[in-house]
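Notes to accompany the following structure.
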Amino acid sequence: MWMILTGLLFVGVTALVKVLGTRMPASQAAFLRYFLGLVFLLPMLGTLRNLRLDRGTWGLIGARGVLHTAGVALWFYAMARIPIADVTAMNYLAPIYVTIGAALFLGERLAVRRVIAIVVALCGALIILRPGFREVGPGHLAMLVTAVTFGGSYLMAKVLTGRVSAGVVVAMLSLTVTIGLAPMAIAVWVPPTPWEMAILFAVACLATAGHYTMMLAFSAAPLTVTQPVTFLQLVWAVLLGALVFGEGVDVFVILGGTVIVAAVSFISWREAVLKRRITPPVSATKV
């Protein structure tokens, strides 16, 4: 139940950014989403004020902020330019990149079955993009890079949670991304309307609520149970795109997304069997 609600909340985020349109530059929209979301950090001000970290931890926090800043800006850019279902399906690739990164940088062993699952997931991405059979625009390319940056951000978060509390990791991400997006937003600033500010504050509220319900889902059931439920996000996205935004239903996007979710779910199941936890749920790589 919590994971279904999480999916609805994140699809709501996607829909609101779609409604926002392209009048406001992507970097400014992303900055305002994070800036307005800082209100949720107020209860942690005392903790953050007394924070004492070593240079290596600060370096990781800064590097993660840079990576996530790029990913968020690209996600907002893609969201305004390609169908909601495409964005949702391609975001499923982030956990696959985490699995690859864990092998390259954290010493995780890639067994043959996991390699096959990764290849299957990448084939799912090709089914969605269909290069040579459809136009692959800047929005699709932006989403490919977004999935990589969110995957890298999650890997750094895994390392950071071994050094500081999860609350501090989340709070520092919000602060560093807000700071990182600020100069990009100022460079292209367009005076926002009250309606646009209201939409972006609603985005911040829904995203925060989505991460909270996701934590409730993880505490109620193992990842092997909650991971396949993330497929429903694609169902909601397809319905929303077709019924509200007139985007039509692309069976190849549904097929490709299904293939990717199946591969991610298989990897999660194998990690549960082996008592390891590296690959994140799809929802953990959201803005």
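Numbering starts fresh at 1 for the residues of each chain in the structure tokens, the chains themselves are lettered A, B, ... in the order given, and ligands are numbered from 1 as they appear.
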Query raised in the report: Among stretch 9-54 of chain A, which residues carry a DSSP assignment of helix (DSSP H, G or I), reported as a ChimeraX atom specification?
Result: /A:9-20,26-49
Those selected residues, please, written with N, CA and C atoms and delivered as a compact mmCIF listing (two decimals), in the first residue's frame.
# COMPACT_ATOMS: atom_id res chain seq x y z
N LEU A 9 2.48 9.50 -5.73
CA LEU A 9 3.05 10.80 -5.37
C LEU A 9 4.12 11.23 -6.35
N PHE A 10 5.00 10.30 -6.75
CA PHE A 10 6.06 10.66 -7.69
C PHE A 10 5.53 10.93 -9.09
N VAL A 11 4.49 10.23 -9.48
CA VAL A 11 3.86 10.54 -10.77
C VAL A 11 3.19 11.91 -10.69
N GLY A 12 2.67 12.26 -9.51
CA GLY A 12 2.13 13.59 -9.32
C GLY A 12 3.19 14.67 -9.50
N VAL A 13 4.39 14.39 -8.99
CA VAL A 13 5.53 15.31 -9.20
C VAL A 13 5.77 15.50 -10.69
N THR A 14 5.81 14.39 -11.41
CA THR A 14 6.06 14.44 -12.85
C THR A 14 4.98 15.24 -13.57
N ALA A 15 3.73 15.01 -13.19
CA ALA A 15 2.62 15.71 -13.83
C ALA A 15 2.69 17.21 -13.60
N LEU A 16 3.02 17.62 -12.37
CA LEU A 16 3.09 19.06 -12.07
C LEU A 16 4.21 19.73 -12.86
N VAL A 17 5.35 19.05 -12.99
CA VAL A 17 6.45 19.63 -13.77
C VAL A 17 6.04 19.73 -15.24
N LYS A 18 5.25 18.77 -15.70
CA LYS A 18 4.73 18.81 -17.07
C LYS A 18 3.81 20.01 -17.25
N VAL A 19 2.95 20.24 -16.25
CA VAL A 19 2.04 21.39 -16.30
C VAL A 19 2.83 22.70 -16.31
N LEU A 20 3.95 22.73 -15.61
CA LEU A 20 4.78 23.93 -15.54
C LEU A 20 5.23 24.38 -16.93
N ALA A 26 14.75 25.15 -17.25
CA ALA A 26 14.80 23.94 -16.42
C ALA A 26 15.62 24.15 -15.16
N SER A 27 16.77 24.82 -15.28
CA SER A 27 17.64 25.01 -14.11
C SER A 27 16.96 25.89 -13.06
N GLN A 28 16.18 26.89 -13.50
CA GLN A 28 15.48 27.75 -12.54
C GLN A 28 14.35 26.99 -11.84
N ALA A 29 13.61 26.20 -12.63
CA ALA A 29 12.53 25.41 -12.04
C ALA A 29 13.08 24.42 -11.01
N ALA A 30 14.20 23.79 -11.34
CA ALA A 30 14.82 22.84 -10.42
C ALA A 30 15.30 23.55 -9.15
N PHE A 31 15.91 24.73 -9.33
CA PHE A 31 16.38 25.49 -8.17
C PHE A 31 15.23 25.86 -7.24
N LEU A 32 14.14 26.37 -7.80
CA LEU A 32 13.00 26.78 -6.97
C LEU A 32 12.36 25.59 -6.27
N ARG A 33 12.35 24.42 -6.94
CA ARG A 33 11.80 23.22 -6.29
C ARG A 33 12.59 22.89 -5.03
N TYR A 34 13.94 22.96 -5.12
CA TYR A 34 14.78 22.63 -3.96
C TYR A 34 14.79 23.76 -2.95
N PHE A 35 14.79 25.00 -3.42
CA PHE A 35 14.80 26.14 -2.50
C PHE A 35 13.53 26.16 -1.65
N LEU A 36 12.39 25.96 -2.28
CA LEU A 36 11.13 25.94 -1.54
C LEU A 36 11.05 24.72 -0.62
N GLY A 37 11.72 23.64 -1.00
CA GLY A 37 11.71 22.43 -0.18
C GLY A 37 12.57 22.54 1.07
N LEU A 38 13.40 23.60 1.16
CA LEU A 38 14.26 23.77 2.34
C LEU A 38 13.43 23.98 3.61
N VAL A 39 12.17 24.36 3.45
CA VAL A 39 11.32 24.55 4.63
C VAL A 39 11.21 23.26 5.44
N PHE A 40 11.35 22.12 4.76
CA PHE A 40 11.24 20.84 5.45
C PHE A 40 12.49 20.50 6.27
N LEU A 41 13.55 21.30 6.10
CA LEU A 41 14.78 21.08 6.86
C LEU A 41 14.81 21.85 8.18
N LEU A 42 13.83 22.71 8.40
CA LEU A 42 13.83 23.54 9.60
C LEU A 42 13.99 22.74 10.90
N PRO A 43 13.33 21.56 11.02
CA PRO A 43 13.51 20.79 12.26
C PRO A 43 14.94 20.29 12.47
N MET A 44 15.77 20.31 11.42
CA MET A 44 17.13 19.78 11.53
C MET A 44 18.18 20.87 11.69
N LEU A 45 17.77 22.12 11.82
CA LEU A 45 18.74 23.21 11.88
C LEU A 45 19.74 23.03 13.02
N GLY A 46 19.26 22.61 14.17
CA GLY A 46 20.16 22.42 15.31
C GLY A 46 21.20 21.35 15.03
N THR A 47 20.78 20.24 14.44
CA THR A 47 21.71 19.16 14.11
C THR A 47 22.75 19.62 13.11
N LEU A 48 22.31 20.33 12.08
CA LEU A 48 23.23 20.77 11.03
C LEU A 48 24.21 21.82 11.56
N ARG A 49 23.75 22.67 12.48
CA ARG A 49 24.62 23.71 13.03
C ARG A 49 25.77 23.11 13.83
Query raised in the report: Which residues come within 8 Å of stretch 62-72 of chain A, counting only C-alpha atoms, excluding same-chain residues fewer than 2 positions away, as a PyMOL selection string?
Result: chain A and resi 30+58-60+74-76+145-147+149-150+152-153+156-157+173+176-178+180-181+287
Give me, as a tab-separated table, the closest atom pair and its distance (Å, one decimal) for every residue of stretch 59-114 of chain A within a cut-off of 8 Å of stretch 246-253 of chain A, counting only C-alpha atoms, rows sorted by chain and rising number.
residue	atom	partner	partner_atom	distance
A:Pro83	CA	A:Glu247	CA	6.4
A:Ala85	CA	A:Val253	CA	7.0
A:Asp86	CA	A:Val253	CA	6.3
A:Ala89	CA	A:Val253	CA	6.9
Please produce a file of the residues just selected, as a PDB file, in the first residue's frame, where the atoms kept are C-alpha atoms.
ATOM      1  CA  PRO A  83       6.108  12.117 -22.684  1.00  0.00           C
ATOM      2  CA  ALA A  85       5.721   7.592 -19.685  1.00  0.00           C
ATOM      3  CA  ASP A  86       9.141   7.916 -21.372  1.00  0.00           C
ATOM      4  CA  ALA A  89      10.362   4.226 -17.868  1.00  0.00           C
TER       5      ALA A  89
END
Report task. Just give me the gap between atom CA of A:Met184 and atom CA of A:Ala171 in Å, one decimal is fine. Result ->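 Separation between atom CA of A:Met184 and atom CA of A:Ala171: 20.8 Å.
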**Report entry** Spatial neighbours of A:Leu106, 10 Å, only C-alpha atoms, chain gap at least 6 places, as an MDAnalysis selection string
**Finding:** chainID A and resid 99:100 155 159 278
Restrict the selected residues to N, CA, C and O atoms and save them as a tab-separated table (two decimals), in the first residue's frame.
chain	number	residue	atom	x	y	z
A	99	THR	N	24.17	-0.76	-9.88
A	99	THR	CA	24.75	-2.10	-9.85
A	99	THR	C	26.09	-2.14	-10.57
A	99	THR	O	27.06	-2.73	-10.09
A	100	ILE	N	26.16	-1.48	-11.74
A	100	ILE	CA	27.42	-1.42	-12.48
A	100	ILE	C	28.46	-0.64	-11.69
A	100	ILE	O	29.62	-1.05	-11.56
A	155	LEU	N	25.06	5.83	-5.09
A	155	LEU	CA	26.25	5.13	-4.63
A	155	LEU	C	27.00	5.94	-3.57
A	155	LEU	O	27.47	5.41	-2.57
A	159	VAL	N	27.81	5.24	0.64
A	159	VAL	CA	29.07	5.41	1.37
A	159	VAL	C	28.87	6.37	2.54
A	159	VAL	O	29.35	6.14	3.65
A	278	ILE	N	22.71	-3.49	-2.38
A	278	ILE	CA	23.38	-2.44	-3.12
A	278	ILE	C	22.40	-1.74	-4.05
A	278	ILE	O	22.26	-0.52	-4.05
Check which residues of stretch 188-284 of chain A sit at most 10 Å from stretch 123-140 of chain A using only C-alpha atoms, and return one row each with the closest pair of atoms and their distance in Å to one decimal, ordered by chain and rising number, as a tab-separated table.
residue	atom	partner	partner_atom	distance
A:Asp250	CA	A:Ile128	CA	8.9
A:Val251	CA	A:Ile128	CA	9.0
A:Phe252	CA	A:Ile128	CA	5.6
A:Val253	CA	A:Ile128	CA	4.7
A:Ile254	CA	A:Ile128	CA	7.9
A:Leu255	CA	A:Ile127	CA	7.4
A:Gly256	CA	A:Gly124	CA	4.1
A:Gly257	CA	A:Gly124	CA	6.4
A:Thr258	CA	A:Gly124	CA	7.7
A:Val259	CA	A:Gly124	CA	5.2
A:Ile260	CA	A:Gly124	CA	5.4
A:Val261	CA	A:Gly124	CA	9.0
A:Ala262	CA	A:Gly124	CA	9.7
A:Ala263	CA	A:Gly124	CA	9.1
Save the residues we just selected, C-alpha atoms, as a JSON list (two decimals), in the first residue's frame?
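What landed in out35.json:
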[["chain", "number", "residue", "atom", "x", "y", "z"],
["A", 250, "ASP", "CA", 3.28, 3.86, -26.75],
["A", 251, "VAL", "CA", 3.35, 0.06, -26.38],
["A", 252, "PHE", "CA", 7.12, 0.03, -26.87],
["A", 253, "VAL", "CA", 7.61, 2.31, -23.85],
["A", 254, "ILE", "CA", 5.43, 0.00, -21.76],
["A", 255, "LEU", "CA", 7.28, -3.07, -23.03],
["A", 256, "GLY", "CA", 10.71, -1.53, -22.46],
["A", 257, "GLY", "CA", 9.77, -0.33, -18.98],
["A", 258, "THR", "CA", 8.46, -3.79, -18.11],
["A", 259, "VAL", "CA", 11.73, -5.39, -19.24],
["A", 260, "ILE", "CA", 13.79, -2.95, -17.14],
["A", 261, "VAL", "CA", 11.65, -3.40, -14.01],
["A", 262, "ALA", "CA", 11.86, -7.18, -14.39],
["A", 263, "ALA", "CA", 15.66, -6.99, -14.59]]
Requested in this report: Compile the contact shell of A:Ile4 as a list in words: residues with an atom at most 8 Å away, counting only C-alpha atoms, same-chain residues fewer than 6 positions apart removed.
Outcome: Val229, Thr230, Leu232 and Gln233 of chain A
Query - Proximity to A:Leu240 - best of A:Met3, A:Ala185, A:Ala207, A:Leu8, only C-alpha atoms - result: A:Leu8
Requested in this report: Between atom CA of A:Ala78 and atom CA of A:Pro25, measure the distance and give it in Å to one decimal.
Outcome: 11.5 Å
